[in-house]
Each structure stands twice: as structure tokens, then as C-alpha cells.
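A quick write-up on the structure given underneath.
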Amino acid sequence: DPRNLTSTCIATVVGVLGPRLRLRLDGSDNKNDFWRLVDSNEIHPIGHCEKNGGMLQPPLGFRMNASSWPMFLLKTLNGAEMAPAKIFKKEPPTPRSNMFQVGMKLEAVDKKNPQLICAATVGAEKGEMIHVTFDGWRGAFDYWCRYDSRDIFPVGWCAKSGHPLQPPGQKIASGASRFKTRVCGLPPTPGAGDLSPPPMPVTPTPADPVSSTTQKQPVTTTLYVNPGCWCGPYLDPRKVSQLPLQFGPATMSRVLRESVQSLVHCALDEKQIFGILRQGDGKVIITATFEGKTVTVRLPLIEKPEELSSFLEILLEELMCCEQLFSSQILNSPCTKCPNANGSLVKAEMSEA
């Protein structure tokens, strides 16, 4: 557990970017996900803790009563797909000394948005420490780390390993706008101002008045698709362009099912998308097919417009999409949240690439 280094916990792989794994501690929520390289010495196959005389612990902030941990652990491991020991790799040897020099280029993890790896420069060095500065971004995102940190890589590492690399930004970008613009994989639009995301609105469609009965009418809603927005590294732009222009008006459950299922069907790799989906005890079940089998996941219970808004906002952020790919309104002009001024042009460039 990164927040409690004395505890060893059970984790699930919920995302993969190149040789980096997005991990979620079972019993925790998606707000505490973290990233590790496949050869990290902090991850081990099931059984490692027991073999070394340790005991599996609930994660910090375990969502259930502590006394329920043994039963939760049993249910979690029963029938689960275990990561085989053969896929765990040893960490490479640590360099003997700090050979970095000021001005050297590298690729580095953005500690504030750890799913991103960005173009960077060594701004300073002192003893065993180097100062990582991100090209084109203000110093608020820079940090010091050891010369043998697993969060820094040589130039070309992302291209070789298949991990997305975020391009340099522009000096005018404000700190608040940096995350959303870099998620899109493009530099920010000059003068765009603060792009920090408000909760994505999902406006319910008013139900007809009921005069002769007190029976509660189901809340309906409409969700619009804006295919010109950036769809991130997980989705196929051609499939996204073929989505319907809207989901609904329909019940909350139907809009949730159709919109999330459409994202799975648009995936470049359904297994990756499937691993990102939050599980719950709601009525909506999503299916995916990979490795010759069909699997299902039950989504959390969504009953209110703000719950649907929050769920989709988090999901789109985790998929590194523009937050307005799904929204309550049709965009009749270029998206102001995504520096993609011409969605079709970007799609064409991606297709050519």
C-alpha cells in the first residue's frame, strides 16, 4: 500500500499503458489507484506474502468494517484470475552513480497526474538527486527525485515501449488548465483560460405531470455524443465517429448501460477498458469479449442525474478523453474544453499515423 508501506495488500490490475500497470487495492476505491512498472519490486504474485511469513492487510481506508476483512479476502480471491508468477520480472540493477547533467533531456512521470509521461529536462543536480522540469510547463509541476527513480526514462522509451508521450506544453498555460489539455495529448489553446472541469451536467428530461396517481415516475435523461472531441489513447476514433448522436431520452439505467457499453465497443482493446470500469451493486451489467471469452461487470447503482454525471466524468478522465465527449448538450462549435479545433482533422492524422 503506497500510503502505508508496512502493509501488503491484494490489488487488481485495472489499466495498462505500455509496461505500466494501473493498480487498485481491493477494498479501496478508484481515488487511490496508483501506477507501477511491470518489473517493480513492490508487486508480487499471490502467495508471496504468506511464503515470506507475512499477513495480507486491508488497505488504508478499507470501505468495510475491519472485522469483515477475512471474509472479504476469501470472496475476492475465490475464482479470481491470478497473475501467474512467470509474468513478474526483476527490477534492473541500480546505476552506480548519478551521471545526469543539467540540460539533459528525458521522459518523466508527472507526479500530479501519474498516468502521464511527459517530455522533460534535467534542471539541476545535487548529489544523488536531480531536478525534473517539464518542457513548456511552469515550475509548479517540477520535482526532485533520485537519479535511479523508476519515474524517469531515457528519450525514446515511450515510443519503444508503446506508452503515450505527452508533448511539451506552452508557457502561457495556467496550472489549472494543464491537466485537461495534456490529457488530450495536445498543447493548450492560447487564451483558453481556466479549463478545470466543473461537474459534467446531465440534465434530466421532465416527466409528464401525474395528476391521478402518486406513483413515482422514473427520471429520464438525454446524453449527447460529441465525436469531434479527443477520445484518448484507449478508444478507436473511427468507431467513436460512428456512435449515435445521443443516448435517450430514456431512464437513467438505460442511458448508463448504452453509453458505457458503447465505450467498451469502441475500445482498441476491450480488456483495458473493462479493467477500468468501477464495479458495484446496481442493475446495469456491461459485457466485453477478449481472449476468446465473454465477461461481465455490474456497475454501481446510479439513480440521480448528479450520480450519472460524476460516474461518467470520472470514467472519461480515466480514459483520458475530453470531458465533453459525452455531455448534456450538442456542441455546435469547436469544443472549449478540448484544444481539438477540428476533430475530423485529428482523426485523419491519427488514421494516417
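In the C-alpha cells, each chain is lettered A, B, ... as it comes, each chain's residues begin at 1, and ligands are numbered from 1 in order of appearance.
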Selection: 8 Å around Thr289 (chain A), only C-alpha atoms, excl. self and same-chain fewer than 3 positions, as a PyMOL selection string: chain A and resi 270-271+292-295
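Atom pair CA of Gly61 (chain A) / CA of Gln272 (chain A) has a distance of 25.9 Å (rounded to one decimal).
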Spatial neighbours of Gly15 (chain A), 8 Å, only C-alpha atoms, chain gap at least 3 places, as a PyMOL selection string: chain A and resi 21-23+272-273+275-276
Residues as selected, all heavy atoms, written as a compact mmCIF listing (two decimals), in the first residue's frame, can you do that?
```txt
# COMPACT_ATOMS: atom_id res chain seq x y z
N LEU A 21 1.38 -0.45 -15.10
CA LEU A 21 0.12 -1.01 -14.62
C LEU A 21 -0.59 -0.01 -13.72
O LEU A 21 0.03 0.58 -12.83
CB LEU A 21 0.37 -2.30 -13.82
CG LEU A 21 1.22 -3.37 -14.47
CD1 LEU A 21 1.43 -4.52 -13.49
CD2 LEU A 21 0.58 -3.87 -15.76
N ARG A 22 -1.88 0.15 -13.94
CA ARG A 22 -2.69 0.92 -13.00
C ARG A 22 -3.29 -0.08 -12.02
O ARG A 22 -3.99 -1.02 -12.42
CB ARG A 22 -3.80 1.68 -13.73
CG ARG A 22 -4.68 2.48 -12.77
CD ARG A 22 -5.67 3.34 -13.51
NE ARG A 22 -6.46 4.14 -12.59
CZ ARG A 22 -7.17 5.21 -12.93
NH1 ARG A 22 -7.17 5.60 -14.19
NH2 ARG A 22 -7.86 5.89 -12.04
N LEU A 23 -3.00 0.10 -10.74
CA LEU A 23 -3.39 -0.87 -9.72
C LEU A 23 -4.40 -0.25 -8.76
O LEU A 23 -4.32 0.92 -8.41
CB LEU A 23 -2.16 -1.34 -8.93
CG LEU A 23 -1.04 -1.98 -9.76
CD1 LEU A 23 0.16 -2.27 -8.89
CD2 LEU A 23 -1.55 -3.26 -10.42
N GLN A 272 -8.67 -3.67 -21.68
CA GLN A 272 -8.18 -2.49 -20.97
C GLN A 272 -9.33 -1.64 -20.45
O GLN A 272 -9.33 -1.21 -19.30
CB GLN A 272 -7.28 -1.66 -21.88
CG GLN A 272 -5.91 -2.28 -22.12
CD GLN A 272 -4.98 -1.33 -22.86
OE1 GLN A 272 -5.44 -0.48 -23.61
NE2 GLN A 272 -3.69 -1.48 -22.64
N ILE A 273 -10.32 -1.38 -21.31
CA ILE A 273 -11.47 -0.58 -20.90
C ILE A 273 -12.22 -1.28 -19.78
O ILE A 273 -12.63 -0.67 -18.79
CB ILE A 273 -12.42 -0.34 -22.09
CG1 ILE A 273 -11.69 0.38 -23.22
CG2 ILE A 273 -13.65 0.44 -21.65
CD1 ILE A 273 -11.40 1.82 -22.96
N GLY A 275 -11.19 -3.28 -17.55
CA GLY A 275 -10.50 -3.22 -16.27
C GLY A 275 -10.64 -1.89 -15.56
O GLY A 275 -10.48 -1.80 -14.34
N ILE A 276 -10.96 -0.84 -16.31
CA ILE A 276 -11.09 0.49 -15.72
C ILE A 276 -12.46 0.70 -15.08
O ILE A 276 -12.61 1.48 -14.14
CB ILE A 276 -10.83 1.57 -16.80
CG1 ILE A 276 -9.35 1.55 -17.20
CG2 ILE A 276 -11.23 2.96 -16.34
CD1 ILE A 276 -9.01 2.48 -18.34
```
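For the residues A:Ser259, A:Asn52, A:Ser67, A:Gln166, ranking by smallest atom-to-atom distance to Val109 (chain A) using only C-alpha atoms places A:Gln166 first.
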Mind dumping a table of every region 242-326 of chain A residue within 10 Å of region 27-41 of chain A, with the nearest atom pair and its distance in Å to one decimal, using only C-alpha atoms, sorted by chain and rising number, as a tab-separated table?
```
residue	atom	partner	partner_atom	distance
A:Ile276	CA	A:Asn30	CA	9.0
A:Leu277	CA	A:Asn30	CA	9.6
A:Arg278	CA	A:Asn30	CA	7.6
A:Gln279	CA	A:Asp29	CA	9.8
A:Ile314	CA	A:Asn30	CA	9.2
A:Glu318	CA	A:Asn30	CA	9.6
```
Write a file of the selected residues as a PDB file, in the first residue's frame, keeping N, CA and C atoms.
```pdb
ATOM      1  N   ILE A 276     -10.955  -0.837 -16.307  1.00  0.00           N
ATOM      2  CA  ILE A 276     -11.086   0.494 -15.715  1.00  0.00           C
ATOM      3  C   ILE A 276     -12.460   0.700 -15.077  1.00  0.00           C
ATOM      4  N   LEU A 277     -13.475  -0.037 -15.547  1.00  0.00           N
ATOM      5  CA  LEU A 277     -14.846   0.175 -15.078  1.00  0.00           C
ATOM      6  C   LEU A 277     -14.982  -0.100 -13.589  1.00  0.00           C
ATOM      7  N   ARG A 278     -15.660   0.806 -12.902  1.00  0.00           N
ATOM      8  CA  ARG A 278     -15.924   0.605 -11.476  1.00  0.00           C
ATOM      9  C   ARG A 278     -17.038  -0.423 -11.289  1.00  0.00           C
ATOM     10  N   GLN A 279     -16.854  -1.325 -10.340  1.00  0.00           N
ATOM     11  CA  GLN A 279     -17.863  -2.336 -10.055  1.00  0.00           C
ATOM     12  C   GLN A 279     -18.779  -1.869  -8.929  1.00  0.00           C
ATOM     13  N   ILE A 314     -15.671  10.805 -14.195  1.00  0.00           N
ATOM     14  CA  ILE A 314     -14.500  10.050 -13.727  1.00  0.00           C
ATOM     15  C   ILE A 314     -14.052   9.056 -14.792  1.00  0.00           C
ATOM     16  N   GLU A 318     -10.487   8.876 -16.690  1.00  0.00           N
ATOM     17  CA  GLU A 318      -9.620   7.709 -16.620  1.00  0.00           C
ATOM     18  C   GLU A 318      -9.267   7.196 -18.017  1.00  0.00           C
TER      19      GLU A 318
END
```
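For region 242-247 of chain A, the non-local neighbours within 7 Å, defined as residues at least 2 positions apart in the same chain or in other chains and counting only C-alpha atoms, are Thr222, Leu223, Tyr224, Val225, Arg238, Lys239, Val240, Pro249, Val255, Glu258 and Ser259 of chain A.
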Next, the residues of the selection above should be written as a PDB file, in the first residue's frame with C-alpha atoms.
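So out.pdb came out as:
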```
ATOM      1  CA  THR A 222     -30.514  12.502 -22.528  1.00  0.00           C
ATOM      2  CA  LEU A 223     -26.788  12.227 -23.126  1.00  0.00           C
ATOM      3  CA  TYR A 224     -25.264  13.690 -26.290  1.00  0.00           C
ATOM      4  CA  VAL A 225     -22.180  12.389 -28.100  1.00  0.00           C
ATOM      5  CA  ARG A 238     -13.228   5.623 -36.305  1.00  0.00           C
ATOM      6  CA  LYS A 239     -15.583   3.692 -34.038  1.00  0.00           C
ATOM      7  CA  VAL A 240     -16.254   6.802 -31.940  1.00  0.00           C
ATOM      8  CA  PRO A 249     -34.252  10.318 -23.681  1.00  0.00           C
ATOM      9  CA  VAL A 255     -28.578   5.718 -20.712  1.00  0.00           C
ATOM     10  CA  GLU A 258     -25.891   2.177 -23.578  1.00  0.00           C
ATOM     11  CA  SER A 259     -23.248   4.881 -23.111  1.00  0.00           C
TER      12      SER A 259
END
```
Shell around Ile152 (chain A) at 10 Å using only C-alpha atoms, local window under 3 positions removed, as a count of residues only: 16
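Nearest residue to Asn98 (chain A), choosing from A:Met320, A:Ile130, A:Val260, A:Leu74 and counting only C-alpha atoms: A:Ile130.
One finds CA of Pro93 (chain A) at 25.9 Å from CA of Gly54 (chain A).
Comparing the minimum interatomic distances between Phe88 (chain A) and each of A:Glu42, A:Glu291, A:Asp135, A:Asp151, counting only C-alpha atoms, we find that A:Glu42 sits nearest.
Counting from CA of Lys304 (chain A), the distance to CA of Ile285 (chain A) is 17.8 Å.
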